[in-house]
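Student: Sharing coords05.cif, mmCIF, C-alpha atoms and all ligand atoms:
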data_start
loop_
_atom_site.group_PDB
_atom_site.id
_atom_site.type_symbol
_atom_site.label_atom_id
_atom_site.label_comp_id
_atom_site.auth_asym_id
_atom_site.auth_seq_id
_atom_site.Cartn_x
_atom_site.Cartn_y
_atom_site.Cartn_z
ATOM 1 C CA MET H 1239 -81.117 5.219 58.133
ATOM 2 C CA ILE H 1240 -81.518 2.522 60.762
ATOM 3 C CA LEU H 1241 -78.697 2.404 63.275
ATOM 4 C CA VAL H 1242 -78.044 -0.955 64.837
ATOM 5 C CA LYS H 1243 -75.724 -1.587 67.735
ATOM 6 C CA LEU H 1244 -74.105 -4.946 67.302
ATOM 7 C CA ARG H 1245 -72.194 -6.865 69.931
ATOM 8 C CA LEU H 1246 -69.228 -8.531 68.368
ATOM 9 C CA LYS H 1247 -66.951 -10.674 70.510
ATOM 10 C CA ARG H 1248 -67.351 -8.369 73.505
ATOM 11 C CA LYS H 1249 -66.878 -5.245 71.359
ATOM 12 C CA SER H 1250 -69.699 -3.000 70.224
ATOM 13 C CA VAL H 1251 -69.862 -1.589 66.728
ATOM 14 C CA LEU H 1252 -72.353 0.847 65.319
ATOM 15 C CA ILE H 1253 -73.508 0.103 61.807
ATOM 16 C CA ASP H 1254 -75.994 1.690 59.468
ATOM 17 C CA LEU H 1255 -78.560 -0.353 57.648
ATOM 18 C CA LYS H 1256 -80.842 0.709 54.842
ATOM 19 C CA ASN H 1257 -83.480 -1.809 53.956
ATOM 20 C CA GLU H 1258 -83.485 -1.160 50.237
ATOM 21 C CA ASP H 1259 -83.288 -3.689 47.438
ATOM 22 C CA LYS H 1260 -79.917 -3.275 45.749
ATOM 23 C CA GLY H 1261 -80.489 -6.262 43.538
ATOM 24 C CA TYR H 1262 -80.584 -9.303 45.783
ATOM 25 C CA GLU H 1263 -83.713 -9.195 47.964
ATOM 26 C CA LYS H 1264 -86.014 -11.183 45.661
ATOM 27 C CA ALA H 1265 -83.452 -13.507 44.118
ATOM 28 C CA ALA H 1266 -81.186 -14.375 47.076
ATOM 29 C CA LYS H 1267 -82.706 -17.853 47.324
ATOM 30 C CA PHE H 1268 -81.481 -18.626 43.783
ATOM 31 C CA TYR H 1269 -77.960 -17.288 44.284
ATOM 32 C CA ASP H 1270 -76.263 -20.562 45.219
ATOM 33 C CA VAL H 1271 -78.307 -22.638 42.763
ATOM 34 C CA PHE H 1272 -76.138 -21.284 39.937
ATOM 35 C CA ASP H 1273 -72.826 -21.368 41.843
ATOM 36 C CA THR H 1274 -69.998 -22.804 39.732
ATOM 37 C CA LYS H 1275 -67.513 -22.467 42.638
ATOM 38 C CA LYS H 1276 -64.929 -21.303 40.133
ATOM 39 C CA ASN H 1277 -63.380 -18.464 42.152
ATOM 40 C CA ILE H 1278 -63.257 -20.027 45.624
ATOM 41 C CA ASP H 1279 -59.698 -21.358 45.204
ATOM 42 C CA TYR H 1280 -58.417 -17.907 44.277
ATOM 43 C CA PHE H 1281 -59.797 -16.313 47.455
ATOM 44 C CA LEU H 1282 -58.541 -19.242 49.503
ATOM 45 C CA LYS H 1283 -55.017 -18.699 48.166
ATOM 46 C CA PHE H 1284 -55.307 -14.971 48.915
ATOM 47 C CA ALA H 1285 -56.590 -15.452 52.470
ATOM 48 C CA ARG H 1286 -54.557 -18.485 53.462
ATOM 49 C CA ASP H 1287 -51.887 -16.570 55.369
ATOM 50 C CA CYS H 1288 -54.253 -14.075 57.000
ATOM 51 C CA LYS H 1289 -55.051 -14.530 60.661
ATOM 52 C CA ARG H 1290 -58.332 -12.762 60.048
ATOM 53 C CA VAL H 1291 -59.841 -11.740 56.728
ATOM 54 C CA LEU H 1292 -62.696 -9.461 55.656
ATOM 55 C CA ASP H 1293 -65.193 -10.738 53.067
ATOM 56 C CA ILE H 1294 -67.005 -7.616 51.884
ATOM 57 C CA GLY H 1295 -70.348 -8.214 50.194
ATOM 58 C CA ALA H 1296 -70.149 -11.797 51.432
ATOM 59 C CA GLY H 1297 -73.598 -12.691 50.102
ATOM 60 C CA THR H 1298 -74.715 -16.192 51.029
ATOM 61 C CA GLY H 1299 -71.312 -17.137 52.440
ATOM 62 C CA ARG H 1300 -70.532 -18.957 49.202
ATOM 63 C CA ILE H 1301 -66.825 -18.178 49.688
ATOM 64 C CA ALA H 1302 -66.646 -17.609 53.456
ATOM 65 C CA ILE H 1303 -67.962 -21.062 54.385
ATOM 66 C CA PRO H 1304 -65.392 -23.054 52.335
ATOM 67 C CA LEU H 1305 -62.649 -20.758 53.698
ATOM 68 C CA ALA H 1306 -63.806 -21.314 57.278
ATOM 69 C CA LYS H 1307 -63.844 -25.068 56.634
ATOM 70 C CA LYS H 1308 -60.128 -24.716 55.815
ATOM 71 C CA GLY H 1309 -59.590 -23.127 59.235
ATOM 72 C CA LEU H 1310 -59.653 -19.414 58.325
ATOM 73 C CA THR H 1311 -61.421 -16.800 60.447
ATOM 74 C CA ILE H 1312 -63.638 -14.519 58.377
ATOM 75 C CA CYS H 1313 -65.568 -11.377 59.141
ATOM 76 C CA CYS H 1314 -68.359 -10.955 56.580
ATOM 77 C CA ILE H 1315 -69.894 -7.591 55.704
ATOM 78 C CA GLU H 1316 -73.258 -7.921 53.949
ATOM 79 C CA PRO H 1317 -75.963 -5.236 53.600
ATOM 80 C CA SER H 1318 -78.695 -7.395 52.035
ATOM 81 C CA ALA H 1319 -81.076 -8.931 54.576
ATOM 82 C CA ALA H 1320 -82.115 -11.648 52.114
ATOM 83 C CA MET H 1321 -78.515 -12.657 51.373
ATOM 84 C CA ARG H 1322 -77.686 -12.727 55.100
ATOM 85 C CA GLU H 1323 -80.729 -14.908 55.711
ATOM 86 C CA GLU H 1324 -79.504 -17.453 53.116
ATOM 87 C CA PHE H 1325 -76.032 -17.275 54.686
ATOM 88 C CA GLN H 1326 -77.416 -17.844 58.191
ATOM 89 C CA LYS H 1327 -79.537 -20.811 57.009
ATOM 90 C CA LYS H 1328 -76.380 -22.457 55.656
ATOM 91 C CA MET H 1329 -74.460 -21.653 58.855
ATOM 92 C CA ASN H 1330 -77.082 -23.560 60.847
ATOM 93 C CA ASN H 1331 -75.726 -26.710 59.154
ATOM 94 C CA TYR H 1332 -72.188 -25.954 60.371
ATOM 95 C CA PRO H 1333 -72.287 -25.235 64.124
ATOM 96 C CA GLU H 1334 -68.542 -26.037 64.224
ATOM 97 C CA LEU H 1335 -67.870 -22.914 62.094
ATOM 98 C CA GLU H 1336 -69.702 -20.531 64.397
ATOM 99 C CA ASN H 1337 -66.523 -19.120 65.944
ATOM 100 C CA LYS H 1338 -64.856 -18.857 62.519
ATOM 101 C CA ILE H 1339 -67.448 -16.635 60.815
ATOM 102 C CA THR H 1340 -69.034 -13.357 61.909
ATOM 103 C CA ILE H 1341 -71.772 -11.845 59.752
ATOM 104 C CA ILE H 1342 -72.106 -8.070 60.034
ATOM 105 C CA PRO H 1343 -75.167 -6.335 58.537
ATOM 106 C CA ALA H 1344 -73.419 -3.309 57.036
ATOM 107 C CA ASP H 1345 -72.287 -1.526 53.910
ATOM 108 C CA ALA H 1346 -68.707 -1.540 52.571
ATOM 109 C CA LYS H 1347 -68.254 2.196 52.940
ATOM 110 C CA SER H 1348 -69.510 2.582 56.480
ATOM 111 C CA PHE H 1349 -68.842 -0.618 58.429
ATOM 112 C CA SER H 1350 -66.820 0.124 61.512
ATOM 113 C CA LEU H 1351 -65.044 -2.539 63.544
ATOM 114 C CA ASN H 1352 -62.627 -2.229 66.428
ATOM 115 C CA GLU H 1353 -60.110 -4.572 64.873
ATOM 116 C CA LYS H 1354 -57.728 -4.857 61.942
ATOM 117 C CA PHE H 1355 -57.400 -7.569 59.325
ATOM 118 C CA GLU H 1356 -54.498 -8.836 57.259
ATOM 119 C CA GLY H 1357 -56.607 -9.141 54.141
ATOM 120 C CA ALA H 1358 -59.895 -8.029 52.607
ATOM 121 C CA PHE H 1359 -61.616 -9.363 49.515
ATOM 122 C CA LEU H 1360 -64.645 -8.357 47.475
ATOM 123 C CA SER H 1361 -66.074 -10.965 45.110
ATOM 124 C CA GLY H 1362 -68.710 -9.587 42.744
ATOM 125 C CA THR H 1363 -69.194 -6.554 44.998
ATOM 126 C CA PHE H 1364 -67.094 -3.739 43.506
ATOM 127 C CA ASP H 1365 -69.364 -3.467 40.424
ATOM 128 C CA HIS H 1366 -72.189 -2.410 42.761
ATOM 129 C CA ILE H 1367 -70.261 0.596 44.079
ATOM 130 C CA LEU H 1368 -71.627 3.176 41.700
ATOM 131 C CA THR H 1369 -69.499 6.327 41.820
ATOM 132 C CA ASN H 1370 -65.820 7.124 42.181
ATOM 133 C CA LYS H 1371 -66.647 9.041 45.366
ATOM 134 C CA GLU H 1372 -68.264 5.919 46.843
ATOM 135 C CA ARG H 1373 -65.434 3.698 45.585
ATOM 136 C CA LYS H 1374 -62.987 6.024 47.322
ATOM 137 C CA SER H 1375 -64.986 5.842 50.568
ATOM 138 C CA VAL H 1376 -65.107 2.049 50.343
ATOM 139 C CA LEU H 1377 -61.362 1.697 49.766
ATOM 140 C CA THR H 1378 -60.564 4.269 52.469
ATOM 141 C CA ASN H 1379 -62.732 2.380 54.936
ATOM 142 C CA ILE H 1380 -61.098 -0.924 54.014
ATOM 143 C CA TYR H 1381 -57.622 0.668 54.271
ATOM 144 C CA GLN H 1382 -58.437 1.728 57.834
ATOM 145 C CA HIS H 1383 -59.420 -1.837 58.713
ATOM 146 C CA LEU H 1384 -56.218 -3.414 57.355
ATOM 147 C CA THR H 1385 -53.000 -4.070 59.262
ATOM 148 C CA LYS H 1386 -49.748 -2.401 58.163
ATOM 149 C CA ASN H 1387 -48.997 -4.836 55.334
ATOM 150 C CA GLY H 1388 -52.646 -5.615 54.675
ATOM 151 C CA GLN H 1389 -53.742 -6.653 51.194
ATOM 152 C CA ILE H 1390 -56.958 -6.317 49.241
ATOM 153 C CA THR H 1391 -58.256 -8.148 46.203
ATOM 154 C CA PHE H 1392 -61.412 -7.561 44.175
ATOM 155 C CA ASP H 1393 -62.880 -8.403 40.790
ATOM 156 C CA ILE H 1394 -64.530 -6.166 38.207
ATOM 157 C CA PHE H 1395 -66.620 -7.648 35.413
ATOM 158 C CA ILE H 1396 -65.221 -5.256 32.836
ATOM 159 C CA GLY H 1397 -66.544 -7.300 29.863
ATOM 160 C CA GLU H 1398 -70.126 -7.170 31.148
ATOM 161 C CA MET H 1399 -70.328 -3.380 31.123
ATOM 162 C CA LYS H 1400 -72.355 -3.238 27.915
ATOM 163 C CA SER H 1401 -75.937 -3.627 26.717
ATOM 164 C CA SER H 1402 -77.150 -7.123 25.928
ATOM 165 C CA PRO H 1403 -80.672 -8.392 25.181
ATOM 166 C CA ILE H 1404 -82.351 -10.589 27.757
ATOM 167 C CA SER H 1405 -81.307 -14.188 27.143
ATOM 168 C CA LEU H 1406 -81.164 -17.552 28.890
ATOM 169 C CA ILE H 1407 -77.700 -17.964 30.423
ATOM 170 C CA ASP H 1408 -78.053 -20.924 32.803
ATOM 171 C CA LYS H 1409 -80.162 -24.032 33.187
ATOM 172 C CA ILE H 1410 -79.664 -26.163 36.289
ATOM 173 C CA LYS H 1411 -81.447 -29.379 37.287
ATOM 174 C CA LYS H 1412 -81.758 -30.009 41.015
ATOM 175 C CA ASP H 1413 -83.914 -32.762 42.501
ATOM 176 C CA ASN H 1414 -87.139 -32.705 40.483
ATOM 177 C CA ARG H 1415 -86.771 -29.024 39.579
ATOM 178 C CA GLU H 1416 -85.189 -27.135 36.734
ATOM 179 C CA TYR H 1417 -83.980 -23.573 37.291
ATOM 180 C CA HIS H 1418 -83.549 -21.160 34.383
ATOM 181 C CA ARG H 1419 -81.740 -17.845 34.667
ATOM 182 C CA PHE H 1420 -82.075 -15.055 32.110
ATOM 183 C CA ILE H 1421 -80.084 -11.840 32.084
ATOM 184 C CA GLY H 1422 -80.307 -8.613 30.104
ATOM 185 C CA ARG H 1423 -78.344 -5.384 30.446
ATOM 186 C CA GLU H 1424 -79.067 -1.844 29.345
ATOM 187 C CA LYS H 1425 -76.166 0.568 29.371
ATOM 188 C CA LEU H 1426 -77.084 4.239 29.814
ATOM 189 C CA SER H 1427 -75.020 7.156 28.505
ATOM 190 C CA ASP H 1428 -73.570 7.866 31.987
ATOM 191 C CA GLY H 1429 -72.190 4.306 32.250
ATOM 192 C CA THR H 1430 -74.990 3.002 34.490
ATOM 193 C CA ILE H 1431 -75.874 -0.602 33.674
ATOM 194 C CA ASN H 1432 -79.463 -1.565 34.445
ATOM 195 C CA VAL H 1433 -79.445 -5.305 34.922
ATOM 196 C CA LYS H 1434 -82.586 -7.419 34.694
ATOM 197 C CA LEU H 1435 -82.505 -10.998 35.938
ATOM 198 C CA ILE H 1436 -85.381 -13.414 35.485
ATOM 199 C CA TYR H 1437 -85.513 -16.722 37.316
ATOM 200 C CA LYS H 1438 -87.951 -19.436 36.261
ATOM 201 C CA VAL H 1439 -88.506 -22.611 38.218
ATOM 202 C CA TYR H 1440 -90.048 -25.689 36.612
ATOM 203 C CA GLU H 1441 -91.295 -28.775 38.400
ATOM 204 C CA ASN H 1442 -92.164 -31.782 36.276
ATOM 205 C CA GLU H 1443 -91.846 -29.447 33.280
ATOM 206 C CA GLU H 1444 -94.496 -27.100 34.649
ATOM 207 C CA LEU H 1445 -93.538 -23.481 35.399
ATOM 208 C CA ILE H 1446 -94.137 -23.008 39.132
ATOM 209 C CA GLU H 1447 -92.362 -19.724 39.886
ATOM 210 C CA THR H 1448 -91.035 -16.632 38.119
ATOM 211 C CA VAL H 1449 -88.961 -14.032 39.932
ATOM 212 C CA ILE H 1450 -87.789 -10.786 38.349
ATOM 213 C CA GLN H 1451 -84.888 -8.984 39.988
ATOM 214 C CA HIS H 1452 -83.445 -5.639 38.939
ATOM 215 C CA SER H 1453 -80.006 -4.456 39.931
ATOM 216 C CA ILE H 1454 -77.629 -1.668 38.996
ATOM 217 C CA ALA H 1455 -73.932 -1.699 38.197
ATOM 218 C CA LYS H 1456 -71.769 1.103 36.873
ATOM 219 C CA GLU H 1457 -68.989 1.083 34.360
ATOM 220 C CA VAL H 1458 -65.562 1.787 35.800
ATOM 221 C CA THR H 1459 -62.350 1.820 33.802
ATOM 222 C CA ARG H 1460 -59.115 0.152 34.777
ATOM 223 C CA GLU H 1461 -57.446 3.592 34.840
ATOM 224 C CA GLU H 1462 -60.069 4.898 37.291
ATOM 225 C CA VAL H 1463 -59.474 1.881 39.531
ATOM 226 C CA HIS H 1464 -55.717 2.561 39.453
ATOM 227 C CA GLN H 1465 -56.275 6.216 40.399
ATOM 228 C CA ILE H 1466 -58.664 5.422 43.244
ATOM 229 C CA LEU H 1467 -56.339 2.763 44.655
ATOM 230 C CA HIS H 1468 -53.448 5.233 44.514
ATOM 231 C CA LYS H 1469 -55.479 8.023 46.162
ATOM 232 C CA THR H 1470 -56.570 5.716 48.965
ATOM 233 C CA GLY H 1471 -53.027 4.582 49.792
ATOM 234 C CA PHE H 1472 -52.751 1.256 47.972
ATOM 235 C CA GLN H 1473 -50.166 0.013 45.504
ATOM 236 C CA ILE H 1474 -51.074 -2.590 42.904
ATOM 237 C CA ILE H 1475 -49.130 -5.827 43.198
ATOM 238 C CA GLN H 1476 -50.690 -7.759 40.336
ATOM 239 C CA GLU H 1477 -53.678 -7.730 37.990
ATOM 240 C CA PHE H 1478 -55.198 -10.966 36.758
ATOM 241 C CA GLY H 1479 -57.571 -11.654 33.879
ATOM 242 C CA SER H 1480 -58.919 -14.883 35.345
ATOM 243 C CA PHE H 1481 -59.293 -16.653 38.671
ATOM 244 C CA THR H 1482 -56.574 -19.059 37.537
ATOM 245 C CA MET H 1483 -54.346 -15.997 37.842
ATOM 246 C CA ASN H 1484 -53.366 -15.375 34.235
ATOM 247 C CA PRO H 1485 -51.933 -11.855 33.938
ATOM 248 C CA TYR H 1486 -54.611 -9.349 32.848
ATOM 249 C CA SER H 1487 -54.800 -8.358 29.190
ATOM 250 C CA PRO H 1488 -57.293 -5.859 27.699
ATOM 251 C CA GLU H 1489 -59.329 -8.589 25.928
ATOM 252 C CA ASP H 1490 -60.176 -10.197 29.279
ATOM 253 C CA GLU H 1491 -63.788 -10.056 30.491
ATOM 254 C CA ILE H 1492 -62.717 -9.765 34.113
ATOM 255 C CA LEU H 1493 -60.104 -7.705 35.933
ATOM 256 C CA ILE H 1494 -58.927 -8.983 39.311
ATOM 257 C CA VAL H 1495 -56.795 -6.548 41.261
ATOM 258 C CA LEU H 1496 -54.419 -7.497 44.061
ATOM 259 C CA ALA H 1497 -53.111 -4.494 46.016
ATOM 260 C CA GLN H 1498 -51.386 -3.724 49.282
ATOM 261 C CA LYS H 1499 -51.106 -0.734 51.591
ATOM 262 C CA ARG H 1500 -48.420 1.478 50.068
ATOM 263 C CA GLY H 1501 -45.005 2.088 51.603
ATOM 264 C CA ASN H 1502 -44.863 -1.151 53.527
ATOM 265 C CA GLU H 1503 -42.820 -4.276 53.172
ATOM 266 C CA ARG H 1504 -44.175 -6.387 50.292
ATOM 267 C CA LYS H 1505 -45.944 -9.500 51.543
ATOM 268 C CA LYS H 1506 -45.051 -12.647 49.699
ATOM 269 C CA TYR H 1507 -46.488 -13.039 46.217
ATOM 270 C CA PRO H 1508 -46.914 -15.134 44.073
ATOM 271 C CA TRP H 1509 -48.523 -17.524 46.470
ATOM 272 C CA LYS H 1510 -46.923 -20.927 46.209
ATOM 273 C CA LYS H 1511 -48.861 -23.079 43.762
ATOM 274 C CA GLY H 1512 -50.764 -26.094 45.031
ATOM 275 C CA GLN H 1513 -51.048 -24.980 48.650
ATOM 276 C CA ALA H 1514 -54.721 -24.097 48.521
HETATM 277 C C1 LIG X 1 -72.535 -10.782 43.217
HETATM 278 S S1 LIG X 1 -72.909 -10.832 44.922
HETATM 279 C C2 LIG X 1 -71.460 -11.663 45.520
HETATM 280 C C3 LIG X 1 -71.657 -12.372 46.818
HETATM 281 C C4 LIG X 1 -70.410 -13.117 47.306
HETATM 282 N N1 LIG X 1 -69.303 -12.220 47.477
HETATM 283 C C5 LIG X 1 -70.045 -14.209 46.333
HETATM 284 O O1 LIG X 1 -69.053 -14.076 45.609
HETATM 285 O O2 LIG X 1 -70.764 -15.195 46.298
HETATM 286 C C6 LIG X 1 -72.591 -9.167 45.430
HETATM 287 C C7 LIG X 1 -72.835 -8.923 46.899
HETATM 288 O O3 LIG X 1 -72.395 -7.595 47.209
HETATM 289 C C8 LIG X 1 -73.307 -7.038 48.126
HETATM 290 N N2 LIG X 1 -73.206 -5.572 48.049
HETATM 291 C C9 LIG X 1 -73.763 -4.743 47.145
HETATM 292 N N3 LIG X 1 -73.475 -3.466 47.448
HETATM 293 C C10 LIG X 1 -72.694 -3.499 48.558
HETATM 294 C C11 LIG X 1 -72.083 -2.508 49.367
HETATM 295 N N4 LIG X 1 -72.210 -1.215 49.093
HETATM 296 N N5 LIG X 1 -71.376 -2.906 50.450
HETATM 297 C C12 LIG X 1 -71.230 -4.224 50.740
HETATM 298 N N6 LIG X 1 -71.798 -5.205 50.003
HETATM 299 C C13 LIG X 1 -72.518 -4.848 48.936
HETATM 300 C C14 LIG X 1 -74.660 -7.575 47.674
HETATM 301 O O4 LIG X 1 -75.642 -7.469 48.686
HETATM 302 C C15 LIG X 1 -74.300 -9.007 47.305
HETATM 303 O O5 LIG X 1 -74.437 -9.880 48.383
#
With the file now loaded, output its structure as structure tokens.
Tutor:
Amino acid sequence: MILVKLRLKRKSVLIDLKNEDKGYEKAAKFYDVFDTKKNIDYFLKFARDCKRVLDIGAGTGRIAIPLAKKGLTICCIEPSAAMREEFQKKMNNYPELENKITIIPADAKSFSLNEKFEGAFLSGTFDHILTNKERKSVLTNIYQHLTKNGQITFDIFIGEMKSSPISLIDKIKKDNREYHRFIGREKLSDGTINVKLIYKVYENEELIETVIQHSIAKEVTREEVHQILHKTGFQIIQEFGSFTMNPYSPEDEILIVLAQKRGNERKKYPWKKGQA
């Protein structure tokens, strides 16, 4: 474990950093190439009324940067050095957002900040938390960083928790390059999902780069998520089956949970349409 002391707006926080590849080190540079931006509005609606919001597993700042452009103040937790590097490169183009975004090199279960937030969100991150014990630690840690009526929202790709042969899922043309992304999943008997991603880059129809990235996710059921939220002091406010906020139904590929610290006054929901 590498301990790093970080100075954050005149406060010091101690964070732990492990330089291991959890599935993003080789492929971080391709992450935004395939961005469809389809969930940004949802997180903007969630965070809009928060003075400060936590983006946990913030990646390349794909969501944090558009939120900061709307005036929000975001604290980003991101353990992957490669993802943070992509994030920082983008931030260099937006010096005006420097006081809106803080990037903390840390893990969801052990980050420790001397301040509280009105909201926390995890986009594409919860699937990487592999055991119920770890999920409990993550939610407990987030709970401790939320204000009294603080809310949390996160997505789980429930429909992707199965084996699938490697296949081409995206093709994107950018400048004189074409980027292909392949994905395959192998589900083990204990619910572990070994994910293999292959990126191929073509220039003038010639293959110039191939990158293979492995990552791991773990199956979690909706019932387990309910139990862990309950045990860690949250109450569920709503569950969606899409980022357009349709109520969740069991055929949905994605489960998006919105929860709040239990026993406190309910913050307003639904968010007024069209204010994003
Ligand atoms: C699918 S990416 C999503 C990135 C970003 N939230 C977005 O929506 O564009 C998942 C991110 O979660 C991060 N992550 C994985 N395990 C994590 C953990 N234990 N704590 C915090 N972040 C984690 C990864 O490094 C990666 O950046």
Student: Near stretch 1473-1480 of chain H, counting all atoms listed in the file, which residues have an atom at most 7 Å away, once you skip same-chain residues fewer than 3 positions from it, shown as a list in words?
Tutor: Leu1467, His1468, Met1483, Asn1484, Pro1485, Tyr1486, Ser1487, Asp1490, Ile1492, Leu1493, Ile1494, Val1495, Leu1496, Ala1497, Gln1498, Lys1499 and Arg1500 of chain H
Student: Selection from above, C-alpha atoms, as a compact mmCIF listing (two decimals), in the frame of the given file, can you write it?
Tutor:
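Okay, selection-v7.txt is ready:
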# COMPACT_ATOMS: atom_id res chain seq x y z
CA LEU H 1467 -56.34 2.76 44.66
CA HIS H 1468 -53.45 5.23 44.51
CA MET H 1483 -54.35 -16.00 37.84
CA ASN H 1484 -53.37 -15.38 34.24
CA PRO H 1485 -51.93 -11.86 33.94
CA TYR H 1486 -54.61 -9.35 32.85
CA SER H 1487 -54.80 -8.36 29.19
CA ASP H 1490 -60.18 -10.20 29.28
CA ILE H 1492 -62.72 -9.76 34.11
CA LEU H 1493 -60.10 -7.70 35.93
CA ILE H 1494 -58.93 -8.98 39.31
CA VAL H 1495 -56.80 -6.55 41.26
CA LEU H 1496 -54.42 -7.50 44.06
CA ALA H 1497 -53.11 -4.49 46.02
CA GLN H 1498 -51.39 -3.72 49.28
CA LYS H 1499 -51.11 -0.73 51.59
CA ARG H 1500 -48.42 1.48 50.07
Student: Residues picked by the PyMOL selection byres (((chain H and resi 1354) around 6) and not hetatm) here, as a PyMOL selection string?
Tutor: chain H and resi 1353+1355+1383-1385
Student: Nearest residue to H:Phe1364 out of H:Asn1352, H:Gln1326, H:Thr1378, H:Thr1391, using all atoms listed in the file?
Tutor: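 Ranked by minimum distance to H:Phe1364, first place goes to H:Thr1391.
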Student: So that I can check the surroundings of H:Met1321, please list as number ranges by chain every protein, DNA and RNA residue that reaches within 7 Å of it, counting only C-alpha atoms and ignoring chain neighbours fewer than 5 positions away.
Tutor: H: 1262, 1266, 1297-1298
Student: Can you list, as a count of residues only, every protein, DNA or RNA residue that comes within 12 Å of H:Asn1331 when you count only C-alpha atoms, leaving out same-chain residues fewer than 6 positions away?
Tutor: 3
Student: Which residues are near ligand LIG 1 (chain X) in this structure, taking near to mean any atom at most 10 Å from a ligand atom and counting all atoms listed in the file? Format them as JSON, numbers by chain.
Tutor: {"H": [1259, 1260, 1261, 1262, 1263, 1266, 1269, 1270, 1273, 1275, 1276, 1277, 1278, 1281, 1293, 1294, 1295, 1296, 1297, 1298, 1299, 1300, 1301, 1302, 1314, 1315, 1316, 1317, 1318, 1319, 1320, 1321, 1322, 1325, 1343, 1344, 1345, 1346, 1347, 1348, 1349, 1359, 1360, 1361, 1362, 1363, 1364, 1365, 1366, 1367, 1368, 1372, 1373, 1376, 1392, 1393, 1453, 1454, 1455]}
Student: Grab the atom CA of H:Gln1465 to atom CA of H:Pro1488 distance for me, in Å with one decimal place.
Tutor: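 Between atom CA of H:Gln1465 and atom CA of H:Pro1488 the gap is 17.6 Å.
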Student: If the PyMOL selection byres (((chain H and resi 1395-1404) around 6) and not hetatm) were run on this exact file, what residues would it hold? Put them as number ranges by chain.
Tutor: H: 1394, 1405, 1421-1425, 1457, 1491-1492
Student: May I ask for the distance between atom CA of H:Gln1389 and atom CA of H:Asn1370, given in Å to one decimal place?
Tutor: 20.4 Å
Student: Pick from H:Gly1471, H:Gly1429, H:Gly1357, H:Gly1501: nearest to H:Lys1289, with all atoms listed in the file counted?
Tutor: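 Answer, going by the shortest atom-to-atom distance: H:Gly1357.
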Student: If you apply the PyMOL selection byres (((chain H and resi 1272) around 12) and not hetatm) to this file, what residues do you get, as a PDB file with C-alpha atoms, keeping the file's coordinate frame?
Tutor:
ATOM      1  CA  ALA H1265     -83.452 -13.507  44.118  1.00  0.00           C
ATOM      2  CA  ALA H1266     -81.186 -14.375  47.076  1.00  0.00           C
ATOM      3  CA  LYS H1267     -82.706 -17.853  47.324  1.00  0.00           C
ATOM      4  CA  PHE H1268     -81.481 -18.626  43.783  1.00  0.00           C
ATOM      5  CA  TYR H1269     -77.960 -17.288  44.284  1.00  0.00           C
ATOM      6  CA  ASP H1270     -76.263 -20.562  45.219  1.00  0.00           C
ATOM      7  CA  VAL H1271     -78.307 -22.638  42.763  1.00  0.00           C
ATOM      8  CA  ASP H1273     -72.826 -21.368  41.843  1.00  0.00           C
ATOM      9  CA  THR H1274     -69.998 -22.804  39.732  1.00  0.00           C
ATOM     10  CA  LYS H1275     -67.513 -22.467  42.638  1.00  0.00           C
ATOM     11  CA  LYS H1276     -64.929 -21.303  40.133  1.00  0.00           C
ATOM     12  CA  ARG H1300     -70.532 -18.957  49.202  1.00  0.00           C
ATOM     13  CA  ILE H1407     -77.700 -17.964  30.423  1.00  0.00           C
ATOM     14  CA  ASP H1408     -78.053 -20.924  32.803  1.00  0.00           C
ATOM     15  CA  LYS H1409     -80.162 -24.032  33.187  1.00  0.00           C
ATOM     16  CA  ILE H1410     -79.664 -26.163  36.289  1.00  0.00           C
ATOM     17  CA  LYS H1411     -81.447 -29.379  37.287  1.00  0.00           C
ATOM     18  CA  LYS H1412     -81.758 -30.009  41.015  1.00  0.00           C
ATOM     19  CA  GLU H1416     -85.189 -27.135  36.734  1.00  0.00           C
ATOM     20  CA  TYR H1417     -83.980 -23.573  37.291  1.00  0.00           C
ATOM     21  CA  HIS H1418     -83.549 -21.160  34.383  1.00  0.00           C
ATOM     22  CA  ARG H1419     -81.740 -17.845  34.667  1.00  0.00           C
ATOM     23  CA  PHE H1420     -82.075 -15.055  32.110  1.00  0.00           C
ATOM     24  CA  TYR H1437     -85.513 -16.722  37.316  1.00  0.00           C
TER      25      TYR H1437
END
Student: Between H:Leu1426, H:Ile1431, H:Val1291, H:Leu1445, which is the closest to H:Ala1358 once you count all atoms listed in the file?
Tutor: H:Val1291
Student: Kindly give the distance, in Å, that separates atom CA of H:Lys1469 and atom CA of H:Cys1313, rounded to a single decimal.
Tutor: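 Atom-to-atom, atom CA of H:Lys1469 to atom CA of H:Cys1313, that is 25.4 Å.
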Student: Edge lengths and centre in Å to one decimal, as lines of an AutoDock Vina configuration file, is what I'm after for the box along x, y and z that holds all listed atoms of stretch 1411-1421 of chain H once 3 Å is added on each side.
Tutor:
center_x = -83.6
center_y = -22.3
center_z = 37.3
size_x = 13.1
size_y = 26.9
size_z = 16.4
Student: Restricting the calculation to only C-alpha atoms: of H:Lys1308, H:Lys1327, H:Lys1264, H:His1452, which residue gets closest to H:Ala1285?
Tutor: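 That would be H:Lys1308, the residue with the smallest distance to H:Ala1285.
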Student: Taking into account all atoms listed in the file, which residue in the set H:Tyr1332, H:Phe1472, H:Tyr1280, H:Tyr1440 is nearest to H:Asn1387?
Tutor: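 Among H:Tyr1332, H:Phe1472, H:Tyr1280, H:Tyr1440, it is H:Phe1472 that comes nearest to H:Asn1387.
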Student: Considering all atoms listed in the file, state which residue in the set H:Arg1415, H:His1464, H:Lys1438, H:Lys1386 is at the smallest distance from H:Ile1450.
Tutor: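 Residue with the minimum atom-to-atom distance to H:Ile1450: H:Lys1438.
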